[in-house]
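Please read the structure below before turning to the comments.
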Protein chains: 2
Amino acid sequence: MSQPVTFEITHVDPHSGARTGILHTPHGDAETPMFMPVGTQATVKFLSPEELYEIHTGVVLANTYHLWLRPGEDVIAEAGGVQKFMNYRGPMLTDSGGFQVFSLADVRQIKEEGVTFRNTLNGDLLFLSPEKSIQIQNKIGADIIMSFDECIPYPADYDYARQSMERTLRWAQRGKDAHQRPDEQALFGIVQGGDYQELRDTCAEKLVEMDFPGYAIGGTSVGEDKETFLRMVGWSVEKLPWDKPRYLMGVGAVNDLLNAVALNIDMCDCVLPTRLARHGTLLTSQGRINIRKAIYAHDFTPLDPECDCYCCRNYTKAYLHHLFRCNEGFGLRLMSIHNIRFLVHLMEQTRKAIREDRFSEFRQEYLANMKFDERGF
Amino acid sequence: MSQPVTFEITHVDPHSGARTGILHTPHGDAETPMFMPVGTQATVKFLSPEELYEIHTGVVLANTYHLWLRPGEDVIAEAGGVQKFMNYRGPMLTDSGGFQVFSLADVRQIKEEGVTFRNTLNGDLLFLSPEKSIQIQNKIGADIIMSFDECIPYPADYDYARQSMERTLRWAQRGKDAHQRPDEQALFGIVQGGDYQELRDTCAEKLVEMDFPGYAIGGTSVGEDKETFLRMVGWSVEKLPWDKPRYLMGVGAVNDLLNAVALNIDMCDCVLPTRLARHGTLLTSQGRINIRKAIYAHDFTPLDPECDCYCCRNYTKAYLHHLFRCNEGFGLRLMSIHNIRFLVHLMEQTRKAIREDRFSEFRQEYLANMKFDERGF
């Protein structure tokens, strides 16, 4: 069987061990390490596909949970898959829906068979299982799809974390068995195990035995401190094969991204840049800007003089301040473009540093002079 | 004194008397007859300037009332004018604020000096006069600016309509006297007079005596029936000089546009296309579409197969239906692009029909087969 998604490591920085690579997918290549923006409802909020191309996003995410509820996976299958549905020509990835079920929905019952919960839109009782998740993702048709996993809260006691991780492993196997389009869509396994090294170890080992074309790390960024976060990521990647892509789910803070790359993470995603933009918070080379502030009313300089995005090339802080105060959609669009570009550009700088064998210096210097607070934004 | 805005009549259809022309402005030319989209807060909702160029909009409007309140005319003057502020390279026009004062605000007092009313944003008592309106518009810096007029309700009794029209004439003269940038901005007079031929006549005659570079028709589309509307427009234009541009304010319904052109109207504006888009209502060559309807959930055809806009070239009704149901900004953006393009394209067809001396047939055929209801949308 030919793999639809392959990973090519193009350079390893001998000092840091950090690596650059290319993810080859049926919808084109994407350079790693990369930050992936989220298009929850088959749209990266306010942005056109052309704007995403210009930002040089590699892979774009969509959320299985949301697309399952609206418009339904059958509509997307009829359209010829999510890329055709939303007119995006690049590579895409769908999550399994598990994270949304456990974080958004009112979960009624977690059983071996799957999870029963209430639809966040209308209160209907719904059921999601590993088979169902893969079936939906097969219909949505993204290049990379995810195993259905349980996302446990933090902290979780050892026994629960172990039971859950073991179930997640069984679910991973069931998802793999249910996968109907393995030569068109790459199914990634997800390492869980909470804050327990032994569980992360076991989970990674067992997943690797199942032989996935890529591995994700789940159950982090769920409220733990930064030290714990890095420990969990570090344990998770230890047993993963070097030559397979590693995807750290839900990470978009600047410091987390750089620290993840140091742990040989190749892919990260987060709603952070678009969510911050909707609150008028911008990530810039000069630090965080809250565009609502009155000081920007007469500021006719670009948001970030070091940024090459459409927003920074063409508009002033005064205009953005005005649009934000008036709650104008074009302002949210411009600020989303900028924030996504900021993180994509950070990863471009990161790849350059790796190629030039100076990633450790780059990361240390960046973090030492970081203009953001300890949260990394 | 050189006129900043000049009008060149390029063709007259000998059968209908309808005309095409070019409005030459400091920010480029615009072909007439034309439909002008409205960028109330210095942004045509959800759209970029580049998207407006692609739609081939000629002149874009901005609202003096809104820009006066936010961000304030001084901010825009500091930016170098509204075009620089919003990064729009084409011609622009501002209204006087009068219409908003009389339609949105809680008017406290109309005196010879001006109008006292409450700020719709914070309840502050504000005052607008002919001088103040022109002063604000001088700072905003659009290519075409408008006299401050009173917009009376319909129906209005003769005595009130007469008094108001006479005051509007005095206000027009005061605005003309107050105009500080006559060689950079063309100030248009506005014909008022309610539903009274004699008053419309007198108003037009007196304005023409004051010699404005263009004339607008105000006080229509305020609740009167279509017959009355056309009568009011017809009376208003009768005494206007042939060689000056005529602007019918607040008109965007398909039948009104074509009937206005038959009366030698050169410019129209309306929020209709963007407002309809926000409610999921689309104007198409097949008639009006309400994209919310369930029948579009699986409809993978373009919104309008005869339309050349970005939305129709790239997206399906099913996708638009999904975006609208999810309240996604990208959907409002796509639908606004389409609706504006629809009216701009209608005016392109109109100009072509005039150039080919078949405007009467074009209009009659279009209206006889019009796919919209009697409102013209």
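Letters A, B, ... mark the chains of the structure tokens in the order given; residue numbers begin at 1 per chain; ligand numbers begin at 1, in order shown.
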Mind doing a quick least-squares superposition of chain A onto chain B, all C-alpha atoms paired one-to-one in order, and writing it out as a compact mmCIF listing (two decimals) with C-alpha atoms, in the first residue's frame?
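Written out: out-v5.txt:
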# COMPACT_ATOMS: atom_id res chain seq x y z
CA MET A 1 -10.77 78.14 -10.40
CA SER A 2 -10.25 74.68 -11.86
CA GLN A 3 -12.94 72.14 -11.09
CA PRO A 4 -11.62 69.03 -9.31
CA VAL A 5 -14.42 66.86 -10.70
CA THR A 6 -15.56 67.21 -14.30
CA PHE A 7 -18.21 65.34 -16.19
CA GLU A 8 -17.88 64.28 -19.79
CA ILE A 9 -20.89 62.94 -21.65
CA THR A 10 -19.60 60.24 -23.97
CA HIS A 11 -22.77 59.06 -25.69
CA VAL A 12 -26.47 59.82 -25.91
CA ASP A 13 -28.87 57.14 -27.03
CA PRO A 14 -31.03 59.11 -29.51
CA HIS A 15 -34.13 57.00 -28.87
CA SER A 16 -34.25 57.09 -25.09
CA GLY A 17 -32.18 60.18 -24.43
CA ALA A 18 -30.18 58.15 -21.91
CA ARG A 19 -26.52 59.00 -21.65
CA THR A 20 -23.18 57.53 -20.73
CA GLY A 21 -20.42 59.64 -19.29
CA ILE A 22 -17.17 59.75 -17.43
CA LEU A 23 -16.70 61.42 -14.10
CA HIS A 24 -13.11 62.65 -13.92
CA THR A 25 -11.91 62.99 -10.32
CA PRO A 26 -8.59 63.55 -8.56
CA HIS A 27 -8.63 59.81 -7.76
CA GLY A 28 -9.37 58.56 -11.25
CA ASP A 29 -12.27 58.23 -13.65
CA ALA A 30 -15.61 56.52 -13.17
CA GLU A 31 -18.05 55.60 -15.90
CA THR A 32 -21.68 56.62 -15.61
CA PRO A 33 -24.44 55.68 -15.11
CA MET A 34 -23.03 53.90 -12.07
CA PHE A 35 -24.02 52.25 -8.85
CA MET A 36 -21.91 53.25 -5.86
CA PRO A 37 -21.49 50.92 -2.86
CA VAL A 38 -21.48 52.37 0.63
CA GLY A 39 -18.52 52.19 2.99
CA THR A 40 -20.24 53.70 6.00
CA GLN A 41 -17.34 53.54 8.47
CA ALA A 42 -14.56 53.88 5.86
CA THR A 43 -14.96 50.20 4.94
CA VAL A 44 -17.41 48.53 2.59
CA LYS A 45 -18.42 45.89 5.08
CA PHE A 46 -16.08 42.84 4.94
CA LEU A 47 -14.44 43.88 1.62
CA SER A 48 -10.90 44.92 0.82
CA PRO A 49 -10.09 47.75 -1.59
CA GLU A 50 -8.66 45.13 -3.97
CA GLU A 51 -12.01 43.33 -3.99
CA LEU A 52 -13.72 46.62 -4.84
CA TYR A 53 -11.31 47.18 -7.74
CA GLU A 54 -12.08 43.69 -9.02
CA ILE A 55 -15.83 44.36 -8.84
CA HIS A 56 -15.18 47.54 -10.89
CA THR A 57 -16.90 49.87 -8.51
CA GLY A 58 -16.46 53.43 -9.70
CA VAL A 59 -17.06 55.73 -6.75
CA VAL A 60 -17.31 54.49 -3.16
CA LEU A 61 -19.34 56.35 -0.54
CA ALA A 62 -18.54 57.01 3.07
CA ASN A 63 -20.89 58.49 5.65
CA THR A 64 -19.90 61.80 7.19
CA TYR A 65 -22.15 61.28 10.21
CA HIS A 66 -20.50 57.99 11.15
CA LEU A 67 -16.94 59.14 10.46
CA TRP A 68 -17.52 62.33 12.43
CA LEU A 69 -18.50 60.24 15.48
CA ARG A 70 -15.82 57.59 14.89
CA PRO A 71 -12.88 58.00 14.37
CA GLY A 72 -13.48 61.75 14.06
CA GLU A 73 -12.62 63.90 11.06
CA ASP A 74 -9.29 64.97 12.57
CA VAL A 75 -7.97 61.42 12.59
CA ILE A 76 -8.88 61.08 8.92
CA ALA A 77 -7.31 64.43 8.06
CA GLU A 78 -4.14 63.38 9.87
CA ALA A 79 -4.11 60.17 7.82
CA GLY A 80 -4.15 62.31 4.69
CA GLY A 81 -7.84 61.89 3.87
CA VAL A 82 -10.29 59.03 3.76
CA GLN A 83 -8.71 57.32 0.77
CA LYS A 84 -5.34 57.09 2.49
CA PHE A 85 -7.01 56.18 5.78
CA MET A 86 -8.77 53.16 4.25
CA ASN A 87 -6.19 52.49 1.53
CA TYR A 88 -8.69 52.94 -1.32
CA ARG A 89 -7.18 54.38 -4.48
CA GLY A 90 -10.42 55.16 -6.36
CA PRO A 91 -12.81 58.12 -6.26
CA MET A 92 -14.91 58.65 -3.15
CA LEU A 93 -17.93 60.66 -2.09
CA THR A 94 -19.21 61.67 1.32
CA ASP A 95 -22.79 62.56 2.14
CA SER A 96 -23.50 65.54 4.38
CA GLY A 97 -24.63 63.70 7.48
CA GLY A 98 -28.10 65.21 7.09
CA PHE A 99 -29.81 61.95 6.17
CA GLN A 100 -28.38 60.14 9.23
CA VAL A 101 -29.26 63.01 11.55
CA PHE A 102 -32.87 62.92 10.38
CA SER A 103 -33.23 59.15 10.05
CA LEU A 104 -31.07 57.71 12.87
CA ALA A 105 -30.67 60.36 15.51
CA ASP A 106 -33.12 61.74 18.02
CA VAL A 107 -33.55 65.26 16.62
CA ARG A 108 -34.17 67.86 19.32
CA GLN A 109 -34.37 71.05 17.35
CA ILE A 110 -34.16 72.19 13.74
CA LYS A 111 -33.28 75.84 13.55
CA GLU A 112 -32.01 78.13 10.84
CA GLU A 113 -28.55 77.78 12.30
CA GLY A 114 -28.55 73.97 12.17
CA VAL A 115 -29.79 70.81 13.88
CA THR A 116 -29.40 69.71 17.48
CA PHE A 117 -29.69 65.97 18.11
CA ARG A 118 -28.48 63.16 20.29
CA ASN A 119 -25.40 61.10 19.40
CA THR A 120 -26.68 57.61 18.55
CA LEU A 121 -23.61 56.06 20.21
CA ASN A 122 -23.59 57.70 23.64
CA GLY A 123 -26.58 60.05 23.90
CA ASP A 124 -24.48 63.25 23.90
CA LEU A 125 -26.15 66.34 22.51
CA LEU A 126 -24.59 67.27 19.15
CA PHE A 127 -25.02 70.07 16.67
CA LEU A 128 -24.62 69.94 12.91
CA SER A 129 -24.86 72.93 10.58
CA PRO A 130 -24.10 73.50 6.90
CA GLU A 131 -20.74 74.98 7.83
CA LYS A 132 -19.90 72.18 10.23
CA SER A 133 -20.87 69.49 7.71
CA ILE A 134 -18.66 71.02 5.02
CA GLN A 135 -15.84 71.52 7.48
CA ILE A 136 -15.99 67.82 8.41
CA GLN A 137 -16.20 66.79 4.76
CA ASN A 138 -13.23 69.03 3.93
CA LYS A 139 -11.25 67.12 6.51
CA ILE A 140 -12.46 63.71 5.36
CA GLY A 141 -11.33 64.76 1.92
CA ALA A 142 -13.51 62.78 -0.52
CA ASP A 143 -13.55 63.87 -4.18
CA ILE A 144 -17.25 64.68 -4.08
CA ILE A 145 -18.97 66.18 -1.05
CA MET A 146 -22.60 67.06 -0.36
CA SER A 147 -24.57 70.06 0.82
CA PHE A 148 -26.19 69.75 4.23
CA ASP A 149 -29.93 69.41 3.72
CA GLU A 150 -33.04 68.61 5.68
CA CYS A 151 -34.62 65.29 4.77
CA ILE A 152 -38.33 65.68 5.44
CA PRO A 153 -40.62 62.71 6.02
CA TYR A 154 -43.11 61.51 3.44
CA PRO A 155 -45.83 62.63 3.26
CA ALA A 156 -45.14 66.20 4.41
CA ASP A 157 -47.59 69.07 4.09
CA TYR A 158 -46.91 71.76 1.51
CA ASP A 159 -46.07 74.54 3.92
CA TYR A 160 -43.55 72.48 5.81
CA ALA A 161 -42.04 71.13 2.59
CA ARG A 162 -41.69 74.68 1.25
CA GLN A 163 -40.14 76.11 4.41
CA SER A 164 -37.75 73.19 4.63
CA MET A 165 -36.77 73.43 0.96
CA GLU A 166 -36.10 77.15 1.31
CA ARG A 167 -33.95 76.51 4.35
CA THR A 168 -32.13 73.75 2.45
CA LEU A 169 -31.37 76.34 -0.24
CA ARG A 170 -30.01 78.77 2.31
CA TRP A 171 -27.98 75.94 3.82
CA ALA A 172 -26.65 75.06 0.34
CA GLN A 173 -25.38 78.62 -0.10
CA ARG A 174 -23.85 78.65 3.38
CA GLY A 175 -22.15 75.31 2.67
CA LYS A 176 -20.80 76.66 -0.61
CA ASP A 177 -19.45 79.72 1.18
CA ALA A 178 -17.87 77.56 3.88
CA HIS A 179 -16.19 75.17 1.41
CA GLN A 180 -12.45 75.46 1.94
CA ARG A 181 -11.18 73.08 -0.75
CA PRO A 182 -13.22 73.81 -3.90
CA ASP A 183 -10.27 72.99 -6.16
CA GLU A 184 -9.86 69.53 -4.60
CA GLN A 185 -13.42 68.53 -3.73
CA ALA A 186 -16.56 69.05 -5.81
CA LEU A 187 -19.54 70.17 -3.70
CA PHE A 188 -22.91 69.02 -5.04
CA GLY A 189 -26.22 70.75 -4.30
CA ILE A 190 -29.25 68.66 -3.31
CA VAL A 191 -32.73 69.10 -4.75
CA GLN A 192 -35.44 68.76 -2.13
CA GLY A 193 -39.12 69.78 -2.16
CA GLY A 194 -41.00 66.67 -1.16
CA ASP A 195 -43.79 65.52 -3.47
CA TYR A 196 -44.49 69.00 -4.85
CA GLN A 197 -43.53 69.82 -8.43
CA GLU A 198 -43.41 73.54 -7.80
CA LEU A 199 -41.04 73.11 -4.87
CA ARG A 200 -38.75 70.68 -6.71
CA ASP A 201 -38.72 73.10 -9.65
CA THR A 202 -37.85 76.09 -7.52
CA CYS A 203 -35.22 74.20 -5.57
CA ALA A 204 -33.49 72.98 -8.73
CA GLU A 205 -33.60 76.44 -10.33
CA LYS A 206 -32.15 78.18 -7.30
CA LEU A 207 -29.42 75.57 -6.90
CA VAL A 208 -28.48 75.95 -10.56
CA GLU A 209 -28.21 79.69 -10.02
CA MET A 210 -25.67 78.94 -7.30
CA ASP A 211 -23.75 76.91 -9.92
CA PHE A 212 -22.69 73.59 -8.40
CA PRO A 213 -20.45 71.14 -10.29
CA GLY A 214 -23.11 68.46 -9.77
CA TYR A 215 -26.58 67.99 -8.35
CA ALA A 216 -28.13 65.35 -6.16
CA ILE A 217 -31.76 64.45 -5.64
CA GLY A 218 -32.72 63.93 -2.04
CA GLY A 219 -35.85 63.15 -0.11
CA THR A 220 -36.91 60.17 -2.24
CA SER A 221 -37.07 56.48 -1.24
CA VAL A 222 -38.51 57.61 2.07
CA GLY A 223 -41.61 55.44 2.01
CA GLU A 224 -43.41 56.76 -1.07
CA ASP A 225 -44.77 54.36 -3.72
CA LYS A 226 -42.81 53.75 -6.91
CA GLU A 227 -45.00 56.04 -9.01
CA THR A 228 -44.56 58.93 -6.60
CA PHE A 229 -40.83 58.19 -6.44
CA LEU A 230 -40.44 58.50 -10.20
CA ARG A 231 -42.55 61.64 -10.27
CA MET A 232 -40.36 63.25 -7.62
CA VAL A 233 -37.18 62.30 -9.48
CA GLY A 234 -38.63 63.48 -12.80
CA TRP A 235 -39.55 66.90 -11.40
CA SER A 236 -36.18 67.24 -9.71
CA VAL A 237 -34.07 66.68 -12.82
CA GLU A 238 -36.18 68.81 -15.16
CA LYS A 239 -34.45 72.08 -14.40
CA LEU A 240 -30.95 70.67 -13.97
CA PRO A 241 -28.31 71.50 -16.58
CA TRP A 242 -27.72 68.71 -19.06
CA ASP A 243 -23.96 68.78 -18.78
CA LYS A 244 -23.69 68.32 -15.01
CA PRO A 245 -23.73 64.94 -13.22
CA ARG A 246 -26.93 63.99 -11.41
CA TYR A 247 -26.85 61.82 -8.35
CA LEU A 248 -29.98 60.09 -7.01
CA MET A 249 -29.31 59.37 -3.36
CA GLY A 250 -30.12 56.10 -1.63
CA VAL A 251 -31.37 54.13 -4.63
CA GLY A 252 -30.28 50.57 -5.33
CA ALA A 253 -33.36 48.54 -6.27
CA VAL A 254 -33.01 47.09 -9.74
CA ASN A 255 -36.14 48.69 -11.20
CA ASP A 256 -35.38 52.05 -9.58
CA LEU A 257 -31.89 52.05 -11.06
CA LEU A 258 -33.10 51.44 -14.60
CA ASN A 259 -35.92 53.95 -14.27
CA ALA A 260 -33.51 56.50 -12.84
CA VAL A 261 -31.19 56.08 -15.82
CA ALA A 262 -34.17 56.73 -18.09
CA LEU A 263 -34.47 60.08 -16.28
CA ASN A 264 -30.78 60.83 -16.96
CA ILE A 265 -29.56 60.01 -13.51
CA ASP A 266 -25.81 59.33 -13.62
CA MET A 267 -25.04 58.12 -10.10
CA CYS A 268 -26.90 56.08 -7.50
CA ASP A 269 -25.86 54.64 -4.15
CA CYS A 270 -27.45 52.28 -1.66
CA VAL A 271 -26.61 50.01 1.27
CA LEU A 272 -29.07 47.49 -0.22
CA PRO A 273 -26.57 44.96 -1.64
CA THR A 274 -24.49 44.73 1.55
CA ARG A 275 -27.52 44.82 3.84
CA LEU A 276 -29.29 42.09 1.86
CA ALA A 277 -26.10 39.99 1.94
CA ARG A 278 -26.00 40.19 5.71
CA HIS A 279 -29.49 38.71 5.75
CA GLY A 280 -28.52 35.94 3.33
CA THR A 281 -30.47 37.48 0.46
CA LEU A 282 -28.74 37.42 -2.91
CA LEU A 283 -29.60 39.17 -6.15
CA THR A 284 -29.00 36.89 -9.13
CA SER A 285 -29.85 36.67 -12.81
CA GLN A 286 -32.34 33.97 -11.81
CA GLY A 287 -33.99 36.16 -9.19
CA ARG A 288 -33.67 36.55 -5.46
CA ILE A 289 -32.12 33.73 -3.47
CA ASN A 290 -32.42 33.28 0.26
CA ILE A 291 -29.34 31.24 1.03
CA ARG A 292 -30.68 30.15 4.43
CA LYS A 293 -33.18 27.83 2.74
CA ALA A 294 -32.59 24.12 3.23
CA ILE A 295 -32.84 23.49 -0.53
CA TYR A 296 -29.37 24.96 -0.91
CA ALA A 297 -27.69 22.59 1.56
CA HIS A 298 -26.79 20.17 -1.24
CA ASP A 299 -26.69 22.62 -4.14
CA PHE A 300 -23.19 22.53 -5.59
CA THR A 301 -23.85 25.05 -8.35
CA PRO A 302 -22.65 28.66 -8.24
CA LEU A 303 -24.90 31.34 -6.81
CA ASP A 304 -25.37 32.88 -10.24
CA PRO A 305 -24.08 31.05 -13.31
CA GLU A 306 -24.11 34.33 -15.26
CA CYS A 307 -22.02 36.24 -12.74
CA ASP A 308 -18.26 36.74 -13.06
CA CYS A 309 -17.58 37.66 -9.42
CA TYR A 310 -15.07 35.94 -7.13
CA CYS A 311 -17.89 34.30 -5.18
CA CYS A 312 -19.63 32.84 -8.23
CA ARG A 313 -16.38 31.73 -9.86
CA ASN A 314 -15.17 29.80 -6.83
CA TYR A 315 -17.92 28.78 -4.41
CA THR A 316 -21.14 26.83 -4.36
CA LYS A 317 -24.52 27.59 -2.86
CA ALA A 318 -23.97 24.65 -0.50
CA TYR A 319 -20.83 26.30 0.88
CA LEU A 320 -22.51 29.71 1.19
CA HIS A 321 -25.50 28.09 2.90
CA HIS A 322 -23.13 26.43 5.36
CA LEU A 323 -21.17 29.63 6.05
CA PHE A 324 -24.36 31.63 6.53
CA ARG A 325 -25.82 29.08 8.95
CA CYS A 326 -22.57 29.16 10.91
CA ASN A 327 -22.57 32.97 10.87
CA GLU A 328 -19.09 33.00 9.35
CA GLY A 329 -17.65 36.34 8.26
CA PHE A 330 -16.25 34.84 5.08
CA GLY A 331 -19.79 34.04 3.95
CA LEU A 332 -20.91 37.64 4.45
CA ARG A 333 -17.84 38.75 2.56
CA LEU A 334 -18.55 36.46 -0.41
CA MET A 335 -22.22 37.41 -0.53
CA SER A 336 -21.45 41.13 -0.28
CA ILE A 337 -19.00 40.80 -3.15
CA HIS A 338 -21.67 39.12 -5.23
CA ASN A 339 -24.50 41.54 -4.48
CA ILE A 340 -22.40 44.62 -5.17
CA ARG A 341 -21.05 43.04 -8.34
CA PHE A 342 -24.62 42.26 -9.43
CA LEU A 343 -25.65 45.92 -9.32
CA VAL A 344 -22.36 47.16 -10.78
CA HIS A 345 -22.77 44.65 -13.60
CA LEU A 346 -26.36 45.79 -14.17
CA MET A 347 -24.99 49.28 -14.73
CA GLU A 348 -22.33 47.92 -17.09
CA GLN A 349 -25.11 46.28 -19.11
CA THR A 350 -27.01 49.55 -18.96
CA ARG A 351 -24.06 51.56 -20.29
CA LYS A 352 -23.57 49.04 -23.07
CA ALA A 353 -27.24 49.29 -24.03
CA ILE A 354 -27.00 53.09 -24.13
CA ARG A 355 -23.85 52.99 -26.26
CA GLU A 356 -25.68 50.65 -28.63
CA ASP A 357 -28.72 52.96 -28.76
CA ARG A 358 -31.07 50.35 -27.36
CA PHE A 359 -31.52 51.43 -23.76
CA SER A 360 -35.33 51.67 -23.98
CA GLU A 361 -35.63 48.09 -25.23
CA PHE A 362 -33.11 46.91 -22.68
CA ARG A 363 -34.96 48.55 -19.81
CA GLN A 364 -38.41 47.46 -20.94
CA GLU A 365 -37.33 43.90 -21.51
CA TYR A 366 -35.45 43.74 -18.24
CA LEU A 367 -38.37 45.13 -16.25
CA ALA A 368 -40.94 42.98 -18.06
CA ASN A 369 -38.94 39.84 -17.23
CA MET A 370 -37.63 41.06 -13.91
CA LYS A 371 -37.09 38.16 -11.54
CA PHE A 372 -37.58 40.34 -8.44
CA ASP A 373 -40.72 41.56 -6.75
CA GLU A 374 -42.18 45.03 -7.22
CA ARG A 375 -39.68 46.45 -4.75
CA GLY A 376 -36.96 45.63 -7.29
CA PHE A 377 -34.97 43.17 -5.15
As a compact mmCIF listing (two decimals) with N, CA, C and O atoms, in the first residue's frame, please: every residue in range 177-288 of chain A that a backbone DSSP assignment puts in strand (DSSP E).
# COMPACT_ATOMS: atom_id res chain seq x y z
N ALA A 186 -3.78 9.93 5.43
CA ALA A 186 -2.87 9.36 6.43
C ALA A 186 -3.51 9.50 7.81
O ALA A 186 -3.84 10.61 8.24
N LEU A 187 -3.67 8.36 8.50
CA LEU A 187 -4.25 8.37 9.85
C LEU A 187 -3.12 8.40 10.88
O LEU A 187 -2.26 7.52 10.88
N PHE A 188 -3.14 9.44 11.73
CA PHE A 188 -2.12 9.56 12.78
C PHE A 188 -2.66 8.99 14.09
O PHE A 188 -3.84 9.13 14.40
N GLY A 189 -1.78 8.35 14.86
CA GLY A 189 -2.11 7.93 16.22
C GLY A 189 -1.83 9.07 17.19
O GLY A 189 -1.07 9.99 16.89
N ILE A 190 -2.47 9.03 18.36
CA ILE A 190 -2.30 10.12 19.33
C ILE A 190 -1.79 9.57 20.66
O ILE A 190 -2.41 8.68 21.26
N VAL A 191 -0.67 10.13 21.10
CA VAL A 191 -0.09 9.72 22.39
C VAL A 191 -0.83 10.44 23.51
O VAL A 191 -0.89 11.67 23.54
N TYR A 215 2.44 10.67 14.15
CA TYR A 215 1.98 10.58 15.53
C TYR A 215 1.70 11.96 16.09
O TYR A 215 2.46 12.91 15.85
N ALA A 216 0.62 12.05 16.84
CA ALA A 216 0.28 13.31 17.48
C ALA A 216 0.44 13.17 18.98
O ALA A 216 0.45 12.06 19.52
N ILE A 217 0.60 14.29 19.64
CA ILE A 217 0.66 14.31 21.09
C ILE A 217 -0.57 15.06 21.58
O ILE A 217 -0.77 16.23 21.23
N ARG A 246 5.71 14.39 13.69
CA ARG A 246 5.13 14.49 15.03
C ARG A 246 4.33 15.77 15.13
O ARG A 246 4.83 16.84 14.83
N TYR A 247 3.14 15.63 15.61
CA TYR A 247 2.19 16.75 15.61
C TYR A 247 1.74 17.01 17.05
O TYR A 247 1.10 16.16 17.67
N LEU A 248 2.08 18.19 17.57
CA LEU A 248 1.68 18.59 18.92
C LEU A 248 0.39 19.40 18.81
O LEU A 248 0.39 20.51 18.26
N MET A 267 4.82 19.68 13.67
CA MET A 267 3.56 20.34 13.33
C MET A 267 2.86 20.80 14.61
O MET A 267 2.84 20.05 15.59
N CYS A 268 2.32 22.01 14.57
CA CYS A 268 1.52 22.51 15.69
C CYS A 268 0.31 23.22 15.09
O CYS A 268 0.36 23.73 13.98
N ASP A 269 -0.78 23.27 15.87
CA ASP A 269 -1.95 24.03 15.43
C ASP A 269 -2.54 24.73 16.63
O ASP A 269 -2.36 24.30 17.77
N THR A 281 -6.28 41.64 19.97
CA THR A 281 -4.92 41.42 20.47
C THR A 281 -4.04 40.93 19.33
O THR A 281 -4.36 39.94 18.67
N LEU A 282 -2.94 41.63 19.12
CA LEU A 282 -2.05 41.34 18.00
C LEU A 282 -0.67 40.94 18.49
O LEU A 282 -0.15 41.56 19.42
N LEU A 283 -0.11 39.94 17.84
CA LEU A 283 1.25 39.51 18.13
C LEU A 283 2.18 40.23 17.15
O LEU A 283 1.99 40.12 15.94
N THR A 284 3.15 40.96 17.67
CA THR A 284 4.06 41.68 16.78
C THR A 284 5.50 41.50 17.25
O THR A 284 5.75 41.04 18.37
N GLY A 287 6.10 43.02 20.45
CA GLY A 287 5.32 42.52 21.58
C GLY A 287 3.84 42.54 21.29
O GLY A 287 3.43 42.75 20.15
N ARG A 288 3.05 42.34 22.33
CA ARG A 288 1.61 42.25 22.16
C ARG A 288 0.99 43.63 22.11
O ARG A 288 1.36 44.51 22.89
